[in-house]
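Visitor: Sharing upload05.cif, mmCIF, C-alpha atoms and all ligand atoms:
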```cif
data_structure
loop_
_atom_site.label_atom_id
_atom_site.label_comp_id
_atom_site.auth_asym_id
_atom_site.auth_seq_id
_atom_site.Cartn_x
_atom_site.Cartn_y
_atom_site.Cartn_z
CA MET A 1 137.66 -24.77 247.26
CA ARG A 2 140.45 -24.72 244.75
CA LEU A 3 140.93 -21.06 243.93
CA GLY A 4 140.77 -18.04 246.25
CA CYS A 5 140.86 -14.73 244.37
CA ILE A 6 141.54 -11.22 245.59
CA ALA A 7 140.40 -8.45 243.22
CA ASP A 8 141.43 -4.81 243.65
CA ASP A 9 137.99 -3.45 242.63
CA LEU A 10 134.30 -4.46 242.43
CA THR A 11 133.73 -4.61 238.69
CA GLY A 12 137.09 -6.36 238.21
CA ALA A 13 135.93 -8.97 240.71
CA SER A 14 132.70 -9.55 238.75
CA ASP A 15 134.67 -9.79 235.54
CA LEU A 16 136.87 -12.55 237.02
CA ALA A 17 133.95 -14.32 238.72
CA LEU A 18 132.06 -14.45 235.44
CA MET A 19 135.13 -15.76 233.60
CA LEU A 20 135.56 -18.61 236.11
CA ALA A 21 131.82 -19.43 236.15
CA ARG A 22 131.63 -19.43 232.34
CA GLU A 23 134.51 -21.88 232.24
CA GLY A 24 132.72 -24.19 234.66
CA LEU A 25 133.76 -23.35 238.23
CA ARG A 26 131.07 -22.87 240.88
CA THR A 27 131.99 -19.32 241.80
CA ILE A 28 131.04 -16.99 244.65
CA GLN A 29 131.85 -13.28 244.74
CA THR A 30 132.01 -11.56 248.13
CA ILE A 31 131.62 -7.82 248.68
CA GLY A 32 134.71 -7.16 250.83
CA VAL A 33 136.50 -9.72 253.03
CA PRO A 34 133.96 -12.47 253.82
CA ARG A 35 132.68 -12.74 257.37
CA GLU A 36 133.52 -16.02 259.12
CA ASP A 37 129.87 -17.09 259.29
CA LEU A 38 129.40 -16.84 255.51
CA ASP A 39 129.01 -20.34 254.07
CA LEU A 40 131.45 -20.70 251.18
CA SER A 41 131.28 -24.49 251.02
CA GLY A 42 130.24 -25.79 247.63
CA ALA A 43 132.29 -23.19 245.76
CA ASP A 44 135.22 -24.12 243.55
CA ALA A 45 136.32 -20.49 243.47
CA VAL A 46 135.68 -17.43 245.64
CA VAL A 47 136.43 -13.91 244.43
CA VAL A 48 136.82 -11.27 247.15
CA ALA A 49 136.06 -7.77 245.84
CA LEU A 50 138.26 -5.16 247.54
CA LYS A 51 138.59 -1.46 246.71
CA SER A 52 142.37 -1.36 247.01
CA ARG A 53 143.63 -0.18 243.63
CA THR A 54 144.55 3.37 244.59
CA ILE A 55 144.74 3.28 248.39
CA ALA A 56 148.11 3.48 250.20
CA PRO A 57 150.28 0.37 249.55
CA GLN A 58 150.40 -0.63 253.23
CA GLN A 59 146.60 -0.56 253.44
CA ALA A 60 146.29 -2.54 250.20
CA ILE A 61 148.69 -5.14 251.62
CA GLU A 62 146.74 -5.39 254.89
CA GLN A 63 143.38 -5.79 253.13
CA SER A 64 144.78 -8.31 250.65
CA LEU A 65 146.35 -10.38 253.43
CA ALA A 66 143.06 -10.28 255.37
CA ALA A 67 141.31 -11.59 252.26
CA ALA A 68 143.99 -14.25 251.72
CA THR A 69 143.67 -15.41 255.34
CA ALA A 70 139.87 -15.67 255.04
CA LEU A 71 140.16 -17.56 251.75
CA ARG A 72 142.76 -19.96 253.16
CA LYS A 73 140.53 -20.60 256.20
CA ALA A 74 137.64 -21.35 253.83
CA GLY A 75 139.81 -23.96 252.10
CA ALA A 76 141.45 -22.22 249.14
CA SER A 77 144.53 -24.16 248.09
CA HIS A 78 145.66 -21.62 245.46
CA LEU A 79 145.48 -17.83 245.30
CA PHE A 80 144.85 -15.43 242.41
CA PHE A 81 145.52 -11.68 242.67
CA LYS A 82 143.36 -9.88 240.08
CA TYR A 83 144.13 -6.38 238.82
CA CYS A 84 143.15 -4.39 235.75
CA SER A 85 144.09 -5.50 232.23
CA THR A 86 145.70 -2.07 231.75
CA PHE A 87 147.92 -2.75 234.81
CA ASP A 88 146.46 0.32 236.58
CA SER A 89 148.92 1.33 239.30
CA THR A 90 151.35 4.05 240.25
CA ASP A 91 155.12 3.67 240.66
CA GLU A 92 154.43 3.43 244.40
CA GLY A 93 152.21 0.37 243.86
CA ASN A 94 149.96 -1.49 244.48
CA ILE A 95 150.53 -4.44 242.16
CA GLY A 96 154.17 -4.95 243.21
CA PRO A 97 153.73 -4.58 246.98
CA VAL A 98 150.60 -6.77 247.12
CA THR A 99 152.23 -9.45 244.93
CA GLU A 100 155.24 -9.47 247.27
CA ALA A 101 153.04 -9.82 250.35
CA LEU A 102 150.86 -12.58 248.87
CA LEU A 103 153.90 -14.49 247.61
CA ALA A 104 155.34 -14.43 251.12
CA PHE A 105 151.91 -15.48 252.48
CA THR A 106 151.88 -18.59 250.26
CA GLY A 107 155.51 -19.41 251.17
CA SER A 108 156.35 -19.57 247.48
CA ASP A 109 159.19 -17.83 245.65
CA PHE A 110 157.77 -17.60 242.13
CA THR A 111 154.73 -16.22 240.36
CA LEU A 112 153.66 -14.62 237.10
CA ALA A 113 152.08 -11.28 236.18
CA CYS A 114 149.88 -11.36 233.09
CA PRO A 115 147.21 -8.68 232.58
CA ALA A 116 146.62 -9.67 228.91
CA PHE A 117 142.98 -9.94 227.71
CA PRO A 118 143.09 -10.14 223.88
CA ALA A 119 139.28 -10.30 223.53
CA ASN A 120 139.22 -6.81 225.08
CA GLY A 121 142.19 -5.57 223.06
CA ARG A 122 144.84 -5.98 225.79
CA THR A 123 147.87 -7.85 224.45
CA ILE A 124 151.44 -8.24 225.69
CA TYR A 125 154.38 -8.69 223.34
CA LYS A 126 158.03 -8.77 224.54
CA GLY A 127 156.77 -7.44 227.85
CA HIS A 128 155.07 -4.40 226.29
CA LEU A 129 151.35 -3.93 226.94
CA PHE A 130 149.18 -2.78 224.03
CA VAL A 131 145.64 -1.39 224.35
CA ASN A 132 143.68 -1.92 221.13
CA GLY A 133 146.95 -2.12 219.23
CA VAL A 134 148.41 1.07 220.75
CA PRO A 135 151.27 0.94 223.29
CA LEU A 136 149.92 1.53 226.82
CA HIS A 137 151.84 4.81 227.20
CA GLU A 138 150.22 6.19 224.02
CA SER A 139 146.71 4.95 224.90
CA SER A 140 144.12 6.97 226.83
CA MET A 141 145.62 5.39 229.98
CA LYS A 142 148.45 7.94 229.80
CA ASP A 143 145.95 10.55 231.02
CA HIS A 144 144.09 8.47 233.61
CA PRO A 145 143.22 10.77 236.55
CA LEU A 146 144.35 8.30 239.25
CA THR A 147 146.79 5.91 237.59
CA PRO A 148 148.43 7.49 234.54
CA MET A 149 150.44 4.83 232.67
CA ARG A 150 153.47 6.37 230.97
CA ASP A 151 155.58 3.26 230.28
CA SER A 152 154.34 0.23 228.30
CA ASN A 153 157.23 -2.01 229.34
CA LEU A 154 155.65 -3.99 232.17
CA VAL A 155 158.97 -5.50 233.27
CA ARG A 156 160.16 -1.95 234.01
CA VAL A 157 156.83 -0.82 235.48
CA LEU A 158 156.62 -3.77 237.87
CA GLN A 159 160.33 -3.59 238.77
CA ARG A 160 159.84 0.01 239.96
CA GLN A 161 157.18 -1.25 242.41
CA THR A 162 158.90 -4.23 243.98
CA LYS A 163 162.05 -5.69 245.54
CA LEU A 164 161.27 -8.97 243.74
CA SER A 165 163.40 -9.51 240.64
CA VAL A 166 161.20 -9.28 237.53
CA GLY A 167 161.82 -11.48 234.46
CA LEU A 168 160.04 -12.12 231.16
CA VAL A 169 158.51 -15.15 229.45
CA ALA A 170 158.17 -13.93 225.89
CA TYR A 171 156.03 -14.78 222.89
CA GLU A 172 158.20 -17.62 221.47
CA ASP A 173 157.90 -19.69 224.65
CA VAL A 174 154.18 -18.96 225.04
CA GLU A 175 153.45 -19.82 221.41
CA ALA A 176 155.23 -23.18 221.90
CA GLY A 177 152.64 -24.26 224.50
CA PRO A 178 152.34 -25.25 228.17
CA ASP A 179 155.49 -27.40 228.39
CA ALA A 180 157.65 -24.65 226.90
CA ILE A 181 156.09 -22.14 229.31
CA ARG A 182 156.86 -24.43 232.26
CA SER A 183 160.48 -24.70 231.06
CA ALA A 184 160.64 -20.93 230.71
CA PHE A 185 159.34 -20.53 234.28
CA ALA A 186 162.14 -22.85 235.47
CA ARG A 187 164.72 -20.92 233.41
CA GLU A 188 163.63 -17.54 234.81
CA ARG A 189 163.50 -18.91 238.34
CA ALA A 190 167.06 -20.31 237.97
CA ALA A 191 168.13 -16.86 236.74
CA GLY A 192 166.98 -15.42 240.07
CA HIS A 193 163.64 -13.92 239.06
CA GLN A 194 160.67 -14.29 241.44
CA VAL A 195 158.01 -12.84 239.17
CA VAL A 196 157.72 -12.95 235.38
CA ILE A 197 155.70 -10.85 232.96
CA VAL A 198 154.20 -13.30 230.44
CA ASP A 199 153.40 -12.37 226.82
CA ALA A 200 149.97 -13.25 225.36
CA VAL A 201 148.27 -12.05 222.18
CA SER A 202 145.50 -14.66 221.84
CA ASP A 203 143.08 -16.74 223.89
CA ALA A 204 145.12 -19.81 222.91
CA HIS A 205 148.09 -18.21 224.68
CA LEU A 206 146.01 -17.54 227.79
CA ARG A 207 144.84 -21.16 227.86
CA SER A 208 148.45 -22.40 227.55
CA ILE A 209 149.55 -20.07 230.35
CA GLY A 210 146.64 -21.28 232.52
CA ALA A 211 147.68 -24.90 231.97
CA ALA A 212 151.32 -24.11 232.82
CA ALA A 213 150.51 -21.98 235.87
CA ALA A 214 147.63 -23.96 237.42
CA ASP A 215 149.86 -25.48 240.10
CA LEU A 216 151.59 -22.26 241.19
CA PRO A 217 150.49 -21.29 244.73
CA LEU A 218 149.93 -17.70 243.51
CA ILE A 219 148.92 -16.37 240.10
CA THR A 220 148.58 -12.65 239.39
CA GLY A 221 146.95 -11.01 236.40
CA GLY A 222 143.78 -9.86 234.67
CA SER A 223 140.71 -12.03 234.30
CA GLY A 224 142.02 -13.27 230.94
CA VAL A 225 144.73 -15.43 232.46
CA ALA A 226 142.06 -17.23 234.53
CA MET A 227 140.50 -18.50 231.29
CA GLY A 228 142.67 -21.62 231.16
CA LEU A 229 142.53 -22.54 234.85
CA PRO A 230 139.18 -24.41 235.05
CA ALA A 231 140.15 -26.69 232.15
CA ALA A 232 143.55 -27.30 233.78
CA TYR A 233 141.84 -28.21 237.07
CA ARG A 234 139.51 -30.65 235.29
CA GLN A 235 142.43 -32.32 233.49
CA GLY A 236 144.35 -32.58 236.73
CA GLY A 237 141.36 -34.28 238.33
CA THR A 238 141.19 -31.71 241.13
CA SER A 239 137.73 -30.52 240.12
CA SER A 240 134.67 -32.42 239.03
CA VAL A 241 132.88 -29.47 237.54
CA ALA A 242 131.52 -29.19 234.03
CA PRO A 243 130.84 -25.96 232.12
CA SER A 244 127.66 -24.36 233.46
CA SER A 245 124.26 -24.98 231.89
CA GLY A 246 121.68 -22.34 230.92
CA GLY A 247 119.03 -22.30 233.70
CA PHE A 248 119.49 -20.80 237.16
CA ASP A 249 117.66 -21.71 240.36
CA ALA A 250 116.20 -18.57 241.87
CA PRO A 251 113.91 -17.86 244.82
CA GLN A 252 110.23 -17.62 243.84
CA GLY A 253 108.78 -14.12 244.07
CA ARG A 254 107.92 -10.89 242.26
CA GLN A 255 110.16 -9.38 239.59
CA ILE A 256 111.38 -5.79 239.37
CA ILE A 257 113.78 -3.66 237.35
CA LEU A 258 115.43 -0.63 238.99
CA ALA A 259 117.09 1.55 236.35
CA GLY A 260 119.28 4.43 237.57
CA SER A 261 121.52 4.45 234.52
CA CYS A 262 121.10 7.06 231.79
CA SER A 263 123.48 5.30 229.38
CA SER A 264 122.22 4.79 225.86
CA ALA A 265 121.89 0.99 226.17
CA THR A 266 119.72 1.41 229.27
CA GLN A 267 117.59 4.05 227.54
CA GLY A 268 116.83 1.54 224.77
CA GLN A 269 116.09 -1.20 227.30
CA VAL A 270 113.69 1.02 229.28
CA LYS A 271 111.88 1.97 226.06
CA ALA A 272 111.66 -1.68 224.93
CA ALA A 273 110.20 -2.71 228.30
CA ILE A 274 107.59 0.09 228.27
CA ASP A 275 106.71 -0.69 224.63
CA ALA A 276 106.20 -4.34 225.63
CA GLY A 277 103.68 -3.28 228.28
CA VAL A 278 105.79 -3.61 231.44
CA PRO A 279 104.15 -1.37 234.12
CA ALA A 280 106.58 1.50 234.66
CA LEU A 281 107.07 4.38 237.09
CA ARG A 282 109.43 7.24 236.27
CA LEU A 283 111.26 8.96 239.13
CA ASP A 284 111.85 12.64 238.43
CA PRO A 285 115.00 13.94 240.19
CA MET A 286 113.50 17.44 240.57
CA GLU A 287 110.40 16.01 242.29
CA LEU A 288 112.62 13.85 244.50
CA ALA A 289 114.67 16.94 245.39
CA SER A 290 111.57 18.96 246.29
CA GLY A 291 110.03 16.09 248.24
CA ASP A 292 106.94 15.95 245.98
CA THR A 293 107.97 12.36 245.18
CA THR A 294 109.55 10.07 247.77
CA ALA A 295 110.48 6.40 247.98
CA GLN A 296 107.11 5.88 249.64
CA THR A 297 105.37 7.19 246.50
CA ALA A 298 107.04 4.39 244.56
CA LEU A 299 106.26 1.79 247.22
CA ASP A 300 102.58 2.77 247.18
CA TRP A 301 102.61 2.41 243.39
CA LEU A 302 104.25 -1.02 243.70
CA ALA A 303 101.61 -2.18 246.16
CA ASP A 304 98.93 -1.40 243.52
CA GLN A 305 100.57 -3.43 240.75
CA GLN A 306 98.80 -6.75 240.12
CA THR A 307 100.93 -8.15 237.29
CA SER A 308 102.65 -11.50 237.60
CA GLY A 309 105.35 -10.21 235.25
CA PRO A 310 108.09 -7.66 235.95
CA VAL A 311 107.57 -3.99 236.88
CA LEU A 312 109.98 -1.14 236.20
CA ILE A 313 111.04 1.87 238.26
CA TYR A 314 113.41 4.16 236.40
CA SER A 315 115.09 7.55 236.54
CA THR A 316 116.62 7.03 233.11
CA SER A 317 116.55 10.24 231.07
CA THR A 318 118.02 11.64 227.87
CA PRO A 319 121.40 13.43 228.02
CA ASP A 320 119.64 16.81 227.60
CA ASP A 321 117.32 16.16 230.56
CA VAL A 322 120.21 14.92 232.70
CA GLN A 323 122.20 18.06 231.87
CA ALA A 324 119.27 20.31 232.75
CA VAL A 325 118.76 18.53 236.08
CA GLN A 326 122.48 18.64 236.87
CA GLY A 327 122.47 22.38 236.08
CA LYS A 328 119.81 22.92 238.75
CA LEU A 329 120.87 20.38 241.39
CA GLY A 330 124.60 19.90 240.72
CA ARG A 331 126.04 16.74 239.20
CA MET A 332 126.94 14.86 242.40
CA ASN A 333 123.86 16.00 244.28
CA ALA A 334 121.51 14.90 241.46
CA GLY A 335 123.19 11.48 241.36
CA GLU A 336 122.99 11.07 245.11
CA ILE A 337 119.31 12.06 245.29
CA VAL A 338 118.38 9.41 242.72
CA GLU A 339 120.69 6.76 244.22
CA ASN A 340 119.28 7.35 247.71
CA ALA A 341 115.70 7.07 246.47
CA LEU A 342 116.42 3.81 244.63
CA ALA A 343 118.29 2.47 247.69
CA ASP A 344 115.30 3.31 249.94
CA ILE A 345 112.97 1.54 247.51
CA ALA A 346 115.31 -1.47 247.31
CA ARG A 347 115.41 -1.81 251.11
CA ALA A 348 111.63 -2.33 251.14
CA LEU A 349 111.47 -4.78 248.22
CA PRO A 350 111.89 -8.11 250.07
CA GLY A 351 109.03 -7.10 252.39
CA LEU A 352 106.79 -6.58 249.34
CA GLY A 353 107.67 -10.02 247.97
CA PHE A 354 110.18 -8.91 245.32
CA THR A 355 113.00 -11.47 245.18
CA ARG A 356 114.05 -11.22 241.52
CA ILE A 357 115.74 -7.90 240.81
CA ILE A 358 117.54 -6.37 237.84
CA VAL A 359 119.52 -3.18 238.54
CA ALA A 360 120.82 -0.99 235.70
CA GLY A 361 123.83 1.22 236.44
CA GLY A 362 127.20 0.65 238.11
CA GLU A 363 126.87 3.25 240.88
CA THR A 364 123.19 2.41 241.19
CA SER A 365 124.05 -1.29 241.67
CA GLY A 366 126.49 -0.39 244.46
CA ALA A 367 123.80 1.65 246.23
CA VAL A 368 121.17 -1.12 245.85
CA VAL A 369 123.49 -3.93 246.97
CA ASN A 370 124.45 -1.92 250.05
CA ALA A 371 120.82 -1.15 250.86
CA LEU A 372 119.92 -4.83 250.57
CA GLU A 373 122.96 -5.70 252.76
CA VAL A 374 124.16 -8.28 250.28
CA GLN A 375 127.41 -9.87 251.49
CA ALA A 376 128.11 -12.24 248.66
CA LEU A 377 126.83 -13.51 245.32
CA THR A 378 126.91 -16.88 243.60
CA ILE A 379 127.60 -16.37 239.91
CA GLY A 380 125.11 -17.88 237.48
CA PRO A 381 124.67 -17.87 233.70
CA GLU A 382 125.52 -14.91 231.51
CA ILE A 383 122.45 -13.00 230.29
CA ASP A 384 124.37 -10.82 227.85
CA PRO A 385 128.17 -10.31 227.61
CA GLY A 386 129.50 -9.19 230.98
CA VAL A 387 126.21 -9.55 232.94
CA PRO A 388 125.42 -12.75 234.85
CA TRP A 389 122.46 -13.67 237.00
CA THR A 390 123.65 -13.93 240.59
CA ARG A 391 122.06 -15.16 243.81
CA SER A 392 122.68 -13.50 247.15
CA LEU A 393 124.27 -15.43 249.99
CA GLY A 394 124.11 -14.81 253.69
CA GLY A 395 121.09 -12.47 253.90
CA THR A 396 117.69 -12.32 252.21
CA ASP A 397 117.58 -14.84 249.36
CA LEU A 398 117.52 -12.81 246.12
CA ALA A 399 118.25 -13.29 242.41
CA LEU A 400 120.14 -10.20 241.22
CA ALA A 401 121.34 -9.06 237.81
CA LEU A 402 123.63 -6.03 238.21
CA LYS A 403 124.03 -4.46 234.80
CA SER A 404 126.64 -1.86 233.98
CA GLY A 405 124.74 0.96 232.19
CA ASN A 406 125.95 0.38 228.68
CA PHE A 407 125.78 -3.41 228.70
CA GLY A 408 123.10 -5.64 227.27
CA ALA A 409 120.85 -5.95 224.21
CA PRO A 410 117.65 -3.85 223.89
CA ASP A 411 115.46 -6.75 225.10
CA PHE A 412 117.61 -7.36 228.23
CA PHE A 413 114.81 -6.40 230.69
CA LEU A 414 112.41 -8.79 228.94
CA LYS A 415 114.48 -11.87 228.22
CA ALA A 416 116.60 -12.06 231.40
CA TRP A 417 113.70 -13.57 233.41
CA THR A 418 113.41 -16.60 231.12
CA MET A 419 116.74 -17.92 232.48
CA LEU A 420 115.37 -18.22 236.03
CA ARG A 421 113.84 -21.48 237.25
P1 LIG B 501 126.07 3.82 234.41
O1 LIG B 501 126.50 2.41 234.69
O2 LIG B 501 125.20 3.95 233.19
O3 LIG B 501 127.22 4.81 234.45
P2 LIG B 501 125.46 4.63 237.09
O4 LIG B 501 124.39 4.10 237.99
O5 LIG B 501 126.87 4.23 237.40
O6 LIG B 501 125.07 4.24 235.60
O7 LIG B 501 125.43 6.21 237.08
C1 LIG B 501 124.30 6.94 236.77
C2 LIG B 501 124.23 8.14 237.74
O8 LIG B 501 123.27 9.06 237.26
C3 LIG B 501 123.80 7.72 239.13
O9 LIG B 501 124.51 8.46 240.09
C4 LIG B 501 122.32 8.10 239.12
O10 LIG B 501 121.83 8.34 240.42
C5 LIG B 501 122.33 9.34 238.29
N1 LIG B 501 121.03 9.61 237.65
C6 LIG B 501 120.09 8.71 237.34
N2 LIG B 501 119.06 9.30 236.72
C7 LIG B 501 119.34 10.60 236.64
C8 LIG B 501 118.66 11.73 236.09
N3 LIG B 501 117.47 11.60 235.52
N4 LIG B 501 119.26 12.94 236.17
C9 LIG B 501 120.46 13.07 236.75
N5 LIG B 501 121.16 12.05 237.29
C10 LIG B 501 120.61 10.82 237.23
#
```
Turn the structure described in the file into structure tokens.
Ligand code: ADP
Guide:
Amino acid sequence: MRLGCIADDLTGASDLALMLAREGLRTIQTIGVPREDLDLSGADAVVVALKSRTIAPQQAIEQSLAAATALRKAGASHLFFKYCSTFDSTDEGNIGPVTEALLAFTGSDFTLACPAFPANGRTIYKGHLFVNGVPLHESSMKDHPLTPMRDSNLVRVLQRQTKLSVGLVAYEDVEAGPDAIRSAFARERAAGHQVVIVDAVSDAHLRSIGAAAADLPLITGGSGVAMGLPAAYRQGGTSSVAPSSGGFDAPQGRQIILAGSCSSATQGQVKAAIDAGVPALRLDPMELASGDTTAQTALDWLADQQTSGPVLIYSTSTPDDVQAVQGKLGRMNAGEIVENALADIARALPGLGFTRIIVAGGETSGAVVNALEVQALTIGPEIDPGVPWTRSLGGTDLALALKSGNFGAPDFFLKAWTMLR
């Protein structure tokens, strides 16, 4: 394995895993620090999903070092610390403290910090982070409930979080390409800096930075800065991989969609599936709350379905219905009732022969993955932007597509299956 990655949250981990897979690395994502018996051989990159963004710095350090140790044991020669492209953190941490700890872990004295992701509107110029063209401290991030960002100068922000001396590699050097960036790294290092913020306003910049940074023992940043790494590894001859092809090997078995998202994209996808004749069962939160409907009701329905195509179980409702239900049950309680029902259904799916599963909804996906006791996922081809097919590792063999509610085209629930072999 070339690259061991530590991500400070679950969706950030998927974002990075997909970026690496799309650029040609065989990538595995683990849910938490991987257990020793999990087979990670055959991966070029492993992304460990932590939940360490807003926990106490000392805890974040401990979890990140545990992940780094597991990745090193599994053969990772280089480490990547992934955080949000809006540099989500408080003045107490955790980007600075974790970077410090991981740098010490690798025995190195120099790294970079580059959250830029121009395709998503995150650019860095002269060390200042912009979100869709607006300085970070004027963007909606200034009011974030957990990590309000009130300073767009990342050199200052990071310096407040760390004893490491923070420098800057600015636009002119980045624009001049990988050799100029390498020279700038050497210049900043000679000036006594151990970590540098690096400007980037385009994908070309990210690819140049990737080429210049590929040999550093530790890289830190958003998923954007990983864009150039696979190509750099191929050029350096340290990886034989080619960009991934379309099809994806999946276990044979029945196909099911579990939709717990009420986002507008999911509403359209549920409607398109029903219109196309996919057998569908709607879960009503009020009936679940009263006990008139249970997970067993859905399992009995599933047992009756004869189709060789996919079936759909959904709680997806219009905003008005959701509001009415939340008024009666309470927002959190309504969510939990539906999540628990879908989790109970999911737990029984392998026993009923379902091995190909699409889940719609971020929270819903978390509940389903936990219920299925999935430890890790290999990342396959992208179905629609931001949503790959994945295959579970370490437990029951499953093909899973975990779709954030608002992602995907209207025909997502219909076309996704055609990518499975
Ligand atoms: P998204 O990715 O679209 O935000 P999530 O799964 O993260 O989807 O969140 C949707 C939440 O709404 C979940 O907690 C789910 O249990 C809950 N939910 C699903 N259907 C209903 C419904 N009909 N009424 C109220 N809450 C619902």
Visitor: Please indicate the distance in Å from CA of Arg187 in chain A to CA of Val201 in chain A, rounded to one decimal place.
Guide: 21.8 Å
Visitor: Quick check, in Å to one decimal: how far apart do CA of Ala409 in chain A and atom N5 of ligand LIG 501 (chain B) lie?
Guide: 22.3 Å
Visitor: Which residues sit within 7 Å of ligand LIG 501 (chain B), counting only C-alpha atoms and all ligand atoms, listed as a list in words?
Guide: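 Taking only C-alpha atoms and all ligand atoms into account, the residues around ligand LIG 501 (chain B) at most 7 Å away are Gly260, Ser261, Cys262, Ser263, Asp284, Pro285, Ser315, Thr316, Ser317, Asp321, Val322, Val325, Gln326, Ala334, Gly335, Glu336, Ile337, Val338, Glu339, Ala360, Gly361, Gly362, Glu363, Thr364, Ser365, Ser404, Gly405 and Asn406 of chain A.
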Visitor: Using all atoms listed in the file, determine which residues lie at most 12 Å from Leu402 in chain A, disregarding the query and same-chain residues fewer than 4 positions distant; provide the list as a PyMOL selection string.
Guide: chain A and resi 10-11+14-15+257-261+356-369+377+379-380+382-384+386-392+406-408+412-413+416
Visitor: Pick out the closest residue to Arg254 in chain A from this set: A:Ala113, A:Ala324, A:Val46, A:Leu398. Count all atoms listed in the file.
Guide: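 Smallest separation from Arg254 in chain A among the options: A:Leu398.
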Visitor: Which polymer residues have any atom within 10 Å of an atom of Gln305 in chain A, counting only C-alpha atoms, with same-chain residues fewer than 6 positions away left out, as a count of residues only?
Guide: 3
Visitor: Record the distance separating CA of Met1 in chain A and CA of Leu102 in chain A, expressed in Å with one decimal.
Guide: 18.0 Å
Visitor: Of the candidates A:Asp179, A:Asp199, A:Glu100, A:Asp344, which one gets nearest to Gly167 in chain A if we count all atoms listed in the file?
Guide: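 Nearest to Gly167 in chain A: A:Asp199.
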Visitor: Find the residues near Ser223 in chain A: any atom within 10 Å, counting only C-alpha atoms, skip ones fewer than 3 places away on the same chain, and give them as a list of chain:residue names.
Guide: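 Final neighbour list, sorted by chain and number: A:Ala7, A:Gly12, A:Ala13, A:Ser14, A:Asp15, A:Leu16, A:Ala17, A:Leu18, A:Met19, A:Leu20, A:Phe80, A:Phe81, A:Lys82, A:Tyr83, A:Cys84, A:Ser85, A:Cys114, A:Pro115, A:Ala116, A:Phe117, A:Thr220, A:Ala226, A:Met227.
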Visitor: Applying 7 Å and all atoms listed in the file, which residues near Pro230 in chain A remain after dropping the ones on its own chain fewer than 6 positions away? List them as a list of chain:residue names.
Guide: A:Leu20, A:Glu23, A:Gly24, A:Leu25
Visitor: Could those residues be written to a file, using C-alpha atoms, as a tab-separated table (two decimals), in the frame of the given file?
Guide:
```tsv
chain	number	residue	atom	x	y	z
A	20	LEU	CA	135.56	-18.61	236.11
A	23	GLU	CA	134.51	-21.88	232.24
A	24	GLY	CA	132.72	-24.19	234.66
A	25	LEU	CA	133.76	-23.35	238.23
```
Visitor: Can you pull out the residues contacting range 62-65 of chain A? Cut-off 10 Å, using all atoms listed in the file, and skip same-chain residues under 6 positions away; I want them as a PyMOL selection string.
Guide: chain A and resi 5-8+32-33+48-52+71+81+98-99+101-102+105
Visitor: Is it possible to produce a file of range 312-320 of chain A from this structure, with N, CA, C and O atoms, as a PDB file, in the first residue's frame?
Guide:
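In the end it all went to out34.pdb:
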```
ATOM      1  N   LEU A 312     -38.161  -1.748  -3.664  1.00  0.00           N
ATOM      2  CA  LEU A 312     -37.926  -0.477  -2.969  1.00  0.00           C
ATOM      3  C   LEU A 312     -38.715  -0.423  -1.661  1.00  0.00           C
ATOM      4  O   LEU A 312     -39.922  -0.706  -1.652  1.00  0.00           O
ATOM      5  N   ILE A 313     -38.025  -0.082  -0.576  1.00  0.00           N
ATOM      6  CA  ILE A 313     -38.715   0.235   0.680  1.00  0.00           C
ATOM      7  C   ILE A 313     -38.348   1.677   1.029  1.00  0.00           C
ATOM      8  O   ILE A 313     -37.157   2.013   1.063  1.00  0.00           O
ATOM      9  N   TYR A 314     -39.363   2.502   1.231  1.00  0.00           N
ATOM     10  CA  TYR A 314     -39.063   3.927   1.414  1.00  0.00           C
ATOM     11  C   TYR A 314     -39.948   4.560   2.471  1.00  0.00           C
ATOM     12  O   TYR A 314     -41.092   4.145   2.677  1.00  0.00           O
ATOM     13  N   SER A 315     -39.358   5.583   3.136  1.00  0.00           N
ATOM     14  CA  SER A 315     -40.148   6.403   4.061  1.00  0.00           C
ATOM     15  C   SER A 315     -40.231   7.822   3.510  1.00  0.00           C
ATOM     16  O   SER A 315     -40.811   8.699   4.148  1.00  0.00           O
ATOM     17  N   THR A 316     -39.629   8.010   2.357  1.00  0.00           N
ATOM     18  CA  THR A 316     -39.554   9.314   1.696  1.00  0.00           C
ATOM     19  C   THR A 316     -40.923   9.976   1.618  1.00  0.00           C
ATOM     20  O   THR A 316     -41.885   9.348   1.168  1.00  0.00           O
ATOM     21  N   SER A 317     -41.002  11.221   2.093  1.00  0.00           N
ATOM     22  CA  SER A 317     -42.265  11.960   2.073  1.00  0.00           C
ATOM     23  C   SER A 317     -42.002  13.394   1.642  1.00  0.00           C
ATOM     24  O   SER A 317     -40.866  13.851   1.631  1.00  0.00           O
ATOM     25  N   THR A 318     -43.084  14.106   1.363  1.00  0.00           N
ATOM     26  CA  THR A 318     -42.959  15.521   1.002  1.00  0.00           C
ATOM     27  C   THR A 318     -42.645  16.343   2.263  1.00  0.00           C
ATOM     28  O   THR A 318     -42.926  15.899   3.382  1.00  0.00           O
ATOM     29  N   PRO A 319     -42.094  17.552   2.082  1.00  0.00           N
ATOM     30  CA  PRO A 319     -41.773  18.387   3.252  1.00  0.00           C
ATOM     31  C   PRO A 319     -42.988  18.615   4.152  1.00  0.00           C
ATOM     32  O   PRO A 319     -42.861  18.607   5.382  1.00  0.00           O
ATOM     33  N   ASP A 320     -44.185  18.787   3.567  1.00  0.00           N
ATOM     34  CA  ASP A 320     -45.388  19.011   4.385  1.00  0.00           C
ATOM     35  C   ASP A 320     -45.678  17.797   5.273  1.00  0.00           C
ATOM     36  O   ASP A 320     -45.969  17.934   6.461  1.00  0.00           O
TER      37      ASP A 320
END
```
